[in-house]
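Q: File follows, query_18.txt with compact mmCIF, C-alpha atoms:
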# COMPACT_ATOMS: atom_id res chain seq x y z
CA MET A 639 55.32 -38.64 -3.75
CA ASN A 640 56.00 -35.06 -4.72
CA GLY A 641 59.48 -33.62 -4.88
CA ALA A 642 61.81 -31.43 -6.83
CA LEU A 643 64.28 -32.95 -9.21
CA LEU A 644 67.74 -31.68 -8.33
CA LEU A 645 70.01 -31.43 -11.33
CA ASP A 646 73.72 -31.47 -10.76
CA ALA A 647 75.45 -30.04 -13.81
CA TRP A 648 79.16 -30.25 -14.48
CA GLN A 649 81.67 -29.90 -17.25
CA ASP A 650 84.69 -32.08 -17.90
CA TRP A 651 87.90 -30.42 -19.05
CA GLU A 652 91.10 -31.83 -20.42
CA CYS A 653 94.40 -30.73 -21.85
CA PRO A 654 95.12 -32.36 -25.22
CA ASN A 655 98.84 -32.01 -24.57
CA CYS A 656 99.57 -33.11 -21.02
CA GLY A 657 96.37 -35.02 -20.32
CA ALA A 658 95.41 -33.04 -17.24
CA THR A 659 91.70 -33.34 -16.43
CA GLU A 660 89.30 -31.38 -14.29
CA ARG A 661 85.58 -31.43 -13.51
CA THR A 662 83.88 -28.14 -12.67
CA ARG A 663 80.50 -26.56 -12.37
CA PRO A 664 79.53 -24.81 -15.64
CA ILE A 665 81.56 -21.65 -16.05
CA PRO A 666 80.35 -18.34 -17.51
CA ALA A 667 80.40 -17.87 -21.27
CA GLY A 668 83.75 -16.56 -22.43
CA ALA A 669 85.56 -17.79 -19.33
CA ALA A 670 88.32 -20.38 -19.61
CA ARG A 671 89.96 -22.98 -17.44
CA MET A 672 93.69 -22.47 -17.37
CA HIS A 673 96.58 -24.58 -16.18
CA THR A 674 100.35 -24.53 -16.34
CA CYS A 675 101.12 -27.09 -19.01
CA PRO A 676 104.32 -29.15 -18.71
CA ARG A 677 104.00 -30.13 -22.37
CA LEU A 678 103.80 -26.50 -23.47
CA HIS A 679 106.98 -25.33 -21.79
CA MET A 680 105.21 -24.56 -18.52
CA LEU A 681 103.21 -21.80 -20.16
CA SER A 682 99.72 -20.98 -18.94
CA ALA A 683 97.41 -22.77 -21.38
CA PRO A 684 93.67 -23.30 -21.62
CA MET A 685 91.98 -26.61 -20.98
CA VAL A 686 89.30 -27.61 -23.47
CA LEU A 687 85.99 -29.36 -23.04
CA ALA A 688 86.61 -33.08 -22.89
CA GLY A 689 86.21 -34.69 -26.27
CA SER A 690 86.82 -31.50 -28.25
CA ASP A 691 88.45 -32.00 -31.63
CA CYS A 692 91.21 -29.44 -31.27
CA LYS A 693 94.84 -28.86 -30.51
CA VAL A 694 96.56 -26.32 -28.30
CA ILE A 695 99.92 -25.00 -29.44
CA ALA A 696 102.47 -22.46 -28.24
CA VAL A 697 103.82 -20.01 -30.80
CA GLU A 698 107.32 -18.62 -30.47
CA ARG A 699 107.81 -14.89 -30.74
CA GLY A 700 108.10 -14.03 -34.40
CA ASP A 701 110.30 -10.96 -34.08
CA TYR A 702 113.67 -10.38 -32.47
CA LEU A 703 113.35 -10.03 -28.73
CA ASN A 704 115.12 -6.66 -28.90
CA GLY A 705 115.47 -6.41 -25.13
CA GLU A 706 111.79 -7.02 -24.51
CA GLN A 707 110.50 -8.95 -21.51
CA GLN A 708 107.95 -11.42 -22.81
CA ARG A 709 106.50 -14.68 -21.55
CA THR A 710 109.29 -17.27 -21.63
CA GLY A 711 108.95 -21.06 -21.61
CA ASP A 712 111.06 -23.45 -19.61
CA ASP A 713 113.13 -23.92 -22.75
CA GLY A 714 114.26 -20.31 -22.46
CA ARG A 715 112.47 -19.21 -25.62
CA PRO A 716 110.05 -16.26 -25.71
CA TYR A 717 106.50 -17.14 -26.72
CA MET A 718 103.99 -14.72 -28.16
CA SER A 719 100.82 -16.78 -27.91
CA VAL A 720 99.04 -19.99 -27.08
CA ILE A 721 96.49 -20.90 -29.71
CA THR A 722 93.60 -23.34 -29.58
CA GLU A 723 92.85 -24.61 -33.08
CA ARG A 724 89.53 -26.40 -33.62
CA ALA A 725 88.66 -28.83 -36.36
CA ASP A 726 86.03 -26.48 -37.78
CA GLY A 727 88.72 -23.92 -38.60
CA SER A 728 88.04 -21.56 -35.72
CA ASN A 729 90.63 -20.74 -33.11
CA ASP A 730 91.22 -18.86 -29.87
CA ALA A 731 94.34 -16.89 -29.05
CA LEU A 732 96.04 -15.86 -25.84
CA ALA A 733 98.37 -13.08 -26.96
CA PHE A 734 101.28 -12.51 -24.61
CA ALA A 735 101.96 -8.79 -24.47
CA ALA A 736 105.46 -7.73 -23.53
CA VAL A 737 105.68 -5.38 -20.57
CA ALA A 738 106.33 -1.70 -21.33
CA VAL A 739 109.37 -0.67 -19.36
CA CYS A 740 110.78 2.68 -18.24
CA LYS A 741 114.35 2.21 -17.02
CA ILE A 742 115.46 4.93 -14.64
CA GLY A 743 119.19 5.34 -14.21
CA MET B 116 109.56 0.17 -39.29
CA ALA B 117 106.29 -0.98 -37.73
CA TRP B 118 106.35 -2.44 -34.25
CA THR B 119 109.66 -3.21 -32.55
CA ASP B 120 109.12 -2.96 -28.81
CA SER B 121 106.89 -1.99 -25.89
CA ARG B 122 107.20 1.40 -24.26
CA ILE B 123 105.64 3.89 -21.89
CA PHE B 124 105.05 7.19 -23.69
CA THR B 125 107.54 9.80 -22.54
CA GLN B 126 104.72 12.34 -22.38
CA ALA B 127 102.68 10.01 -20.20
CA MET B 128 105.61 9.71 -17.80
CA PHE B 129 105.99 13.51 -17.77
CA ASN B 130 102.32 14.02 -17.12
CA PRO B 131 100.31 12.47 -15.56
CA LEU B 132 102.34 9.48 -14.30
CA LEU B 133 105.19 11.49 -12.75
CA ALA B 134 103.40 14.83 -12.50
CA ALA B 135 103.57 14.76 -8.71
CA ALA B 136 107.35 15.19 -8.96
CA TRP B 137 106.80 18.79 -10.00
CA SER B 138 104.09 21.42 -9.90
CA THR B 139 102.67 20.10 -13.13
CA THR B 140 98.95 20.44 -13.68
CA GLU B 141 97.52 17.07 -14.46
CA PRO B 142 95.28 16.52 -17.49
CA THR B 143 91.69 17.64 -17.24
CA THR B 144 89.52 14.97 -15.63
CA TYR B 145 92.52 12.82 -14.71
CA GLY B 146 91.39 11.13 -11.55
CA ALA B 147 92.39 12.49 -8.16
CA ASN B 148 93.32 8.93 -7.34
CA GLY B 149 95.19 8.40 -10.57
CA LEU B 150 94.85 5.27 -12.61
CA SER B 151 93.00 3.49 -9.83
CA ALA B 152 89.92 5.61 -10.43
CA ASP B 153 90.22 6.17 -14.16
CA ASN B 154 88.92 4.00 -16.97
CA ILE B 155 91.90 2.38 -18.66
CA ALA B 156 91.10 1.02 -22.11
CA VAL B 157 92.89 -1.38 -24.44
CA THR B 158 92.76 -1.34 -28.22
CA LEU B 159 94.41 -3.59 -30.82
CA TRP B 160 96.57 -2.33 -33.66
CA GLY B 161 98.00 -3.62 -36.90
CA THR B 162 101.42 -3.33 -38.47
CA GLY B 163 100.70 -0.16 -40.42
CA ILE B 164 101.92 2.07 -37.60
CA THR B 165 105.31 2.74 -36.04
CA PRO B 166 104.80 3.47 -32.35
CA ASN B 167 106.93 6.36 -31.16
CA LYS B 168 107.55 6.61 -27.44
CA ASP B 169 108.80 10.18 -27.82
CA ASP B 170 105.90 11.49 -29.90
CA VAL B 171 104.46 14.90 -29.03
CA VAL B 172 101.68 14.67 -26.52
CA GLY B 173 99.04 15.63 -29.09
CA ASN B 174 99.83 12.47 -31.01
CA THR B 175 99.73 10.04 -28.12
CA GLY B 176 95.98 9.94 -27.51
CA TYR B 177 93.69 7.30 -28.87
CA ASN B 178 92.47 8.37 -32.31
CA THR B 179 95.24 10.99 -32.71
CA GLY B 180 98.38 10.96 -34.82
CA GLN B 181 99.20 7.49 -36.02
CA TRP B 182 96.83 6.10 -33.40
CA ALA B 183 93.95 7.34 -35.54
CA SER B 184 91.52 4.47 -35.62
CA GLY B 185 90.93 4.28 -39.36
CA SER B 186 92.29 1.10 -40.89
CA ASN B 187 95.08 0.72 -38.35
CA GLU B 188 92.97 -0.22 -35.35
CA ILE B 189 92.04 -3.88 -35.33
CA LYS B 190 88.47 -3.95 -34.14
CA ASP B 191 85.17 -5.76 -34.10
CA ALA B 192 81.87 -3.98 -33.90
CA THR B 193 80.82 -5.81 -30.77
CA ASN B 194 83.49 -7.90 -29.17
CA TRP B 195 86.64 -5.79 -29.63
CA PRO B 196 84.98 -2.42 -30.32
CA ALA B 197 86.86 0.65 -31.49
CA GLY B 198 88.15 2.80 -28.66
CA GLY B 199 87.98 0.06 -26.09
CA ALA B 200 85.48 1.85 -23.88
CA SER B 201 83.77 -1.47 -23.24
CA ASN B 202 87.10 -3.26 -22.91
CA LEU B 203 88.27 -1.53 -19.75
CA LEU B 204 90.93 -3.00 -17.54
CA ALA B 205 89.74 -4.57 -14.32
CA GLY B 206 91.68 -5.73 -11.31
CA LYS B 207 94.11 -2.82 -11.53
CA ALA B 208 97.02 -2.75 -9.13
CA PHE B 209 100.08 -0.59 -8.52
CA THR B 210 102.74 -2.39 -6.55
CA ALA B 211 106.37 -2.01 -5.61
CA GLY B 212 108.92 -4.79 -5.90
CA SER B 213 112.68 -4.98 -5.68
CA GLY B 214 113.88 -2.06 -7.74
CA ASN B 215 110.67 -1.65 -9.65
CA VAL B 216 107.12 -0.35 -9.51
CA MET B 217 104.55 -1.91 -11.77
CA PHE B 218 101.04 -1.25 -12.97
CA ASP B 219 99.17 -4.49 -13.50
CA ALA B 220 95.65 -5.60 -14.30
CA ASN B 221 93.61 -8.63 -15.19
CA ASP B 222 94.17 -10.07 -18.64
CA ARG B 223 91.86 -8.46 -21.17
CA ALA B 224 89.55 -10.67 -23.15
CA GLY B 225 87.16 -9.40 -25.76
CA ASN B 226 83.45 -9.52 -25.14
CA GLY B 227 82.95 -12.71 -27.16
CA ASN B 228 84.00 -14.52 -30.31
CA VAL B 229 85.67 -12.43 -32.98
CA THR B 230 87.56 -12.76 -36.21
CA ILE B 231 90.71 -10.68 -36.03
CA ALA B 232 93.52 -10.55 -38.56
CA ALA B 233 97.08 -9.45 -37.90
CA ALA B 234 97.02 -7.65 -34.56
CA PHE B 235 100.60 -6.75 -33.66
CA GLY B 236 100.18 -4.87 -30.41
CA CYS B 237 97.90 -2.88 -28.18
CA LEU B 238 97.55 0.69 -27.00
CA VAL B 239 96.70 1.27 -23.35
CA HIS B 240 95.10 4.65 -22.81
CA ASP B 241 93.33 6.62 -20.08
CA ASP B 242 89.77 6.87 -21.32
CA THR B 243 88.84 9.25 -18.52
CA ILE B 244 91.13 12.07 -19.68
CA THR B 245 89.15 14.45 -21.87
CA ALA B 246 91.56 17.36 -22.28
CA GLY B 247 94.53 19.21 -20.79
CA THR B 248 97.16 17.18 -22.57
CA VAL B 249 95.26 15.20 -25.11
CA ALA B 250 91.95 13.38 -24.81
CA LYS B 251 92.22 9.67 -24.11
CA GLN B 252 95.94 10.03 -23.49
CA GLY B 253 98.04 6.98 -24.27
CA LEU B 254 100.00 5.52 -21.38
CA CYS B 255 101.93 2.80 -23.14
CA TYR B 256 101.93 0.41 -26.06
CA ASN B 257 102.68 -3.29 -25.81
CA TYR B 258 104.08 -5.38 -28.64
CA PHE B 259 102.96 -8.99 -29.07
CA GLY B 260 106.17 -9.93 -30.88
CA GLY B 261 104.47 -10.84 -34.12
CA SER B 262 101.17 -11.14 -35.91
CA GLN B 263 98.17 -12.49 -33.99
CA SER B 264 94.93 -13.63 -35.55
CA VAL B 265 91.80 -15.51 -34.57
CA THR B 266 88.87 -16.88 -36.52
CA ALA B 267 85.48 -17.07 -34.81
CA GLY B 268 87.12 -17.39 -31.42
CA THR B 269 88.24 -15.47 -28.39
CA PHE B 270 91.17 -13.08 -28.42
CA THR B 271 92.73 -12.36 -25.04
CA VAL B 272 95.60 -10.04 -24.22
CA VAL B 273 97.69 -11.67 -21.49
CA TRP B 274 99.89 -9.24 -19.60
CA ASP B 275 103.42 -10.12 -18.67
CA VAL B 276 103.96 -11.45 -15.16
CA THR B 277 105.70 -8.14 -14.39
CA GLY B 278 102.72 -6.05 -15.40
CA VAL B 279 101.29 -3.85 -18.12
CA PHE B 280 104.06 -1.30 -17.60
CA LYS B 281 106.74 -0.77 -15.00
CA PHE B 282 109.43 1.57 -13.82
CA THR B 283 112.76 0.02 -12.88
CA ASN B 284 116.00 1.33 -11.45
Let me see the structure of the file written as structure tokens.
A:
Amino acid sequence: MNGALLLDAWQDWECPNCGATERTRPIPAGAARMHTCPRLHMLSAPMVLAGSDCKVIAVERGDYLNGEQQRTGDDGRPYMSVITERADGSNDALAFAAVAVCKIG
Amino acid sequence: MAWTDSRIFTQAMFNPLLAAAWSTTEPTTYGANGLSADNIAVTLWGTGITPNKDDVVGNTGYNTGQWASGSNEIKDATNWPAGGASNLLAGKAFTAGSGNVMFDANDRAGNGNVTIAAAFGCLVHDDTITAGTVAKQGLCYNYFGGSQSVTAGTFTVVWDVTGVFKFTN
């Protein structure tokens, strides 16, 4: 019997903080799966490939807020980034830029 | 002083952003359809500069004044290249809300893994403007609130939920 072998590829994702899981088709290089993480103050955080040796942390804004409008967690604190730290020493960063505001009047 | 906040350049508000309020000639090559048609680039900057929202227009362009690339721009040859011409904003939108108008765009990731040390903020400039005010005129600068670094990983600028910049009343 002749026939084509149909491969069905997928990737498993998980959040090391809240335990959320997801299975998707392979995503493009550089793309990320995001979710709103209840264990990271409801910030938008990346999911990691299941089984990855890493941690995902939220970093509070280092400077005074000074009237800025920046991403705020459900604890009311401003956060400047969510960082994925891998066991090999590499890391990814989502840097939360404050919005530039012109106040009229 | 270094970075303290995020601002729209006063000269960018004067022209081109609010140029239609007067008979002001817009910068050379500024798009007839404004930011929607222009290439808007993002570059990363260290703590060696003190952004000045009221700087003269000639000092607000990319690679002018204190925005001279030199050692102040945080860059990678390939994945966060100088000038940001290959890091253009996509998904641009200009929308009105209650008491505000905001310019928004998709979050800006680099082109791949990078090693970046101590990026404190970004400059958003109009890469389509070639002259008339200043080439590559800066629109705004956005502070991250501290030092940001990555090692052999991705660096993504995530805009606030209320946009890249906004006008409020």
Q: Near A:Cys656, within 8 Å and counting only C-alpha atoms, which residues show up once chain neighbours fewer than 4 positions away are dropped, as an MDAnalysis selection string?
A: chainID A and resid 675:677
Q: Would you list the residues near (83.7, -2.1, -32.5), meaning any protein, DNA or RNA residue with an atom at most 12 Å from that point in file coordinates, counting all atoms listed in the file, as an MDAnalysis selection string?
A: chainID B and resid 158:159 184:185 188:202 225:227 229:231
Q: Identify the residues within 7 Å of coordinate (93.1, -14.5, -31.2) (same frame as the file), considering only C-alpha atoms, and give the answer as a list in words.
A: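 All residues meeting the 7 Å criterion around (93.1, -14.5, -31.2) are Asn729, Asp730, Ala731, Leu732 and Ala733 of chain A; Ile231, Gln263, Ser264, Val265, Gly268, Thr269, Phe270 and Thr271 of chain B.
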Q: Excluding same-chain residues fewer than 5 positions from A:Leu681, what lies within 12 Å of it counting only C-alpha atoms, as a ChimeraX atom specification?
A: /A:655-656,672-676,694-698,708-721,732,734 /B:273,275-276
Q: Only C-alpha atoms, please: the residues just picked out, written as a PDB file, keeping the file's coordinate frame.
A:
ATOM      1  CA  ASN A 655      98.840 -32.010 -24.570  1.00  0.00           C
ATOM      2  CA  CYS A 656      99.570 -33.110 -21.020  1.00  0.00           C
ATOM      3  CA  MET A 672      93.690 -22.470 -17.370  1.00  0.00           C
ATOM      4  CA  HIS A 673      96.580 -24.580 -16.180  1.00  0.00           C
ATOM      5  CA  THR A 674     100.350 -24.530 -16.340  1.00  0.00           C
ATOM      6  CA  CYS A 675     101.120 -27.090 -19.010  1.00  0.00           C
ATOM      7  CA  PRO A 676     104.320 -29.150 -18.710  1.00  0.00           C
ATOM      8  CA  VAL A 694      96.560 -26.320 -28.300  1.00  0.00           C
ATOM      9  CA  ILE A 695      99.920 -25.000 -29.440  1.00  0.00           C
ATOM     10  CA  ALA A 696     102.470 -22.460 -28.240  1.00  0.00           C
ATOM     11  CA  VAL A 697     103.820 -20.010 -30.800  1.00  0.00           C
ATOM     12  CA  GLU A 698     107.320 -18.620 -30.470  1.00  0.00           C
ATOM     13  CA  GLN A 708     107.950 -11.420 -22.810  1.00  0.00           C
ATOM     14  CA  ARG A 709     106.500 -14.680 -21.550  1.00  0.00           C
ATOM     15  CA  THR A 710     109.290 -17.270 -21.630  1.00  0.00           C
ATOM     16  CA  GLY A 711     108.950 -21.060 -21.610  1.00  0.00           C
ATOM     17  CA  ASP A 712     111.060 -23.450 -19.610  1.00  0.00           C
ATOM     18  CA  ASP A 713     113.130 -23.920 -22.750  1.00  0.00           C
ATOM     19  CA  GLY A 714     114.260 -20.310 -22.460  1.00  0.00           C
ATOM     20  CA  ARG A 715     112.470 -19.210 -25.620  1.00  0.00           C
ATOM     21  CA  PRO A 716     110.050 -16.260 -25.710  1.00  0.00           C
ATOM     22  CA  TYR A 717     106.500 -17.140 -26.720  1.00  0.00           C
ATOM     23  CA  MET A 718     103.990 -14.720 -28.160  1.00  0.00           C
ATOM     24  CA  SER A 719     100.820 -16.780 -27.910  1.00  0.00           C
ATOM     25  CA  VAL A 720      99.040 -19.990 -27.080  1.00  0.00           C
ATOM     26  CA  ILE A 721      96.490 -20.900 -29.710  1.00  0.00           C
ATOM     27  CA  LEU A 732      96.040 -15.860 -25.840  1.00  0.00           C
ATOM     28  CA  PHE A 734     101.280 -12.510 -24.610  1.00  0.00           C
TER      29      PHE A 734
ATOM     30  CA  VAL B 273      97.690 -11.670 -21.490  1.00  0.00           C
ATOM     31  CA  ASP B 275     103.420 -10.120 -18.670  1.00  0.00           C
ATOM     32  CA  VAL B 276     103.960 -11.450 -15.160  1.00  0.00           C
TER      33      VAL B 276
END
Q: Applying 8 Å and only C-alpha atoms, which residues near B:Thr245 remain after dropping the ones on its own chain fewer than 5 positions away? List them as number ranges by chain.
A: B: 142-144, 250-251
Q: Just how far from atom CA of B:Ala205 is atom CA of B:Ile155, in Å to one decimal?
A: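 Separation between atom CA of B:Ile155 and atom CA of B:Ala205: 8.5 Å.
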Q: Excluding stretch 685-691 of chain A and any residue of its chain fewer than 5 positions from it, enumerate the residues within 7 Å of it, using only C-alpha atoms, and give them as a list of chain:residue names.
A: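 That gives A:Asp650, A:Trp651, A:Glu652, A:Cys653, A:Arg671, A:Met672, A:His673, A:Arg724, A:Ala725.
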Q: Chain B near chain A within 10 Å: what's each residue's closest atom pair and its distance in Å to one decimal, counting all atoms listed in the file, ordered by chain then ascending residue number, as a Markdown table?
A:
| residue | atom | partner | partner_atom | distance |
| --- | --- | --- | --- | --- |
| B:Trp118 | CA | A:Asp701 | CA | 9.4 |
| B:Thr119 | CA | A:Asn704 | CA | 7.4 |
| B:Asp120 | CA | A:Glu706 | CA | 6.5 |
| B:Ser121 | CA | A:Ala738 | CA | 4.6 |
| B:Arg122 | CA | A:Ala738 | CA | 4.4 |
| B:Ile123 | CA | A:Ala738 | CA | 5.7 |
| B:Phe124 | CA | A:Cys740 | CA | 9.1 |
| B:Thr125 | CA | A:Cys740 | CA | 8.9 |
| B:Met128 | CA | A:Cys740 | CA | 8.7 |
| B:Gly214 | CA | A:Ile742 | CA | 9.9 |
| B:Asn215 | CA | A:Lys741 | CA | 9.1 |
| B:Val216 | CA | A:Cys740 | CA | 9.9 |
| B:Met217 | CA | A:Val739 | CA | 9.1 |
| B:Phe218 | CA | A:Val737 | CA | 9.8 |
| B:Asp219 | CA | A:Val737 | CA | 9.7 |
| B:Asp222 | CA | A:Leu732 | CA | 9.4 |
| B:Arg223 | CA | A:Leu732 | CA | 9.7 |
| B:Ala224 | CA | A:Gly668 | CA | 8.3 |
| B:Gly225 | CA | A:Gly668 | CA | 8.6 |
| B:Asn226 | CA | A:Gly668 | CA | 7.5 |
| B:Gly227 | CA | A:Gly668 | CA | 6.2 |
| B:Asn228 | CA | A:Gly668 | CA | 8.1 |
| B:Val229 | CA | A:Asp730 | CA | 9.0 |
| B:Thr230 | CA | A:Ser728 | CA | 8.8 |
| B:Ala234 | CA | A:Ala733 | CA | 9.4 |
| B:Phe235 | CA | A:Ala733 | CA | 9.5 |
| B:Gly236 | CA | A:Ala735 | CA | 7.3 |
| B:Cys237 | CA | A:Ala735 | CA | 8.1 |
| B:Leu254 | CA | A:Ala738 | CA | 9.6 |
| B:Cys255 | CA | A:Ala738 | CA | 6.5 |
| B:Tyr256 | CA | A:Ala738 | CA | 6.8 |
| B:Asn257 | CA | A:Ala735 | CA | 5.7 |
| B:Tyr258 | CA | A:Ala735 | CA | 5.8 |
| B:Phe259 | CA | A:Ala735 | CA | 4.7 |
| B:Gly260 | CA | A:Arg699 | CA | 5.2 |
| B:Gly261 | CA | A:Gly700 | CA | 4.8 |
| B:Ser262 | CA | A:Gly700 | CA | 7.7 |
| B:Gln263 | CA | A:Ala733 | CA | 7.1 |
| B:Ser264 | CA | A:Ala731 | CA | 7.3 |
| B:Val265 | CA | A:Asn729 | CA | 5.6 |
| B:Thr266 | CA | A:Ser728 | CA | 4.8 |
| B:Ala267 | CA | A:Ser728 | CA | 5.2 |
| B:Gly268 | CA | A:Asp730 | CA | 4.6 |
| B:Thr269 | CA | A:Asp730 | CA | 4.8 |
| B:Phe270 | CA | A:Ala731 | CA | 5.0 |
| B:Thr271 | CA | A:Leu732 | CA | 4.9 |
| B:Val272 | CA | A:Ala733 | CA | 4.9 |
| B:Val273 | CA | A:Phe734 | CA | 4.8 |
| B:Trp274 | CA | A:Ala735 | CA | 5.3 |
| B:Asp275 | CA | A:Val737 | CA | 5.6 |
| B:Val276 | CA | A:Arg709 | CA | 7.6 |
| B:Thr277 | CA | A:Val737 | CA | 6.8 |
| B:Gly278 | CA | A:Val737 | CA | 6.0 |
| B:Val279 | CA | A:Val737 | CA | 5.3 |
| B:Phe280 | CA | A:Ala738 | CA | 4.4 |
| B:Lys281 | CA | A:Val739 | CA | 5.1 |
| B:Phe282 | CA | A:Cys740 | CA | 4.8 |
| B:Thr283 | CA | A:Lys741 | CA | 4.9 |
| B:Asn284 | CA | A:Ile742 | CA | 4.8 |
Q: Which distance in Å separates atom CA of B:Leu132 and atom CA of B:Val249, to one decimal?
A: 14.1 Å
Q: Distance atom CA of B:Asp153-atom CA of B:Thr175, one decimal place?
A: 17.3 Å
Q: Counting only C-alpha atoms, which residue out of B:Gly180, B:Gly247, B:Pro166, B:Gly212 sits closest to B:Asn130?
A: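 Smallest separation from B:Asn130 among the options: B:Gly247.
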Q: Which neighbours of B:Gln252 fall inside 7 Å, counting all atoms listed in the file, when residues of the same chain fewer than 3 positions from it are skipped, and could you give them as a compact mmCIF listing (two decimals) with C-alpha atoms, keeping the file's coordinate frame?
A:
# COMPACT_ATOMS: atom_id res chain seq x y z
CA THR B 175 99.73 10.04 -28.12
CA GLY B 176 95.98 9.94 -27.51
CA TYR B 177 93.69 7.30 -28.87
CA HIS B 240 95.10 4.65 -22.81
CA ASP B 241 93.33 6.62 -20.08
CA ILE B 244 91.13 12.07 -19.68
CA VAL B 249 95.26 15.20 -25.11
Q: For B:Ala117, which residue out of B:Ala220, B:Thr248, B:Ser213, B:Gln181 is the nearest one, using all atoms listed in the file?
A: B:Gln181
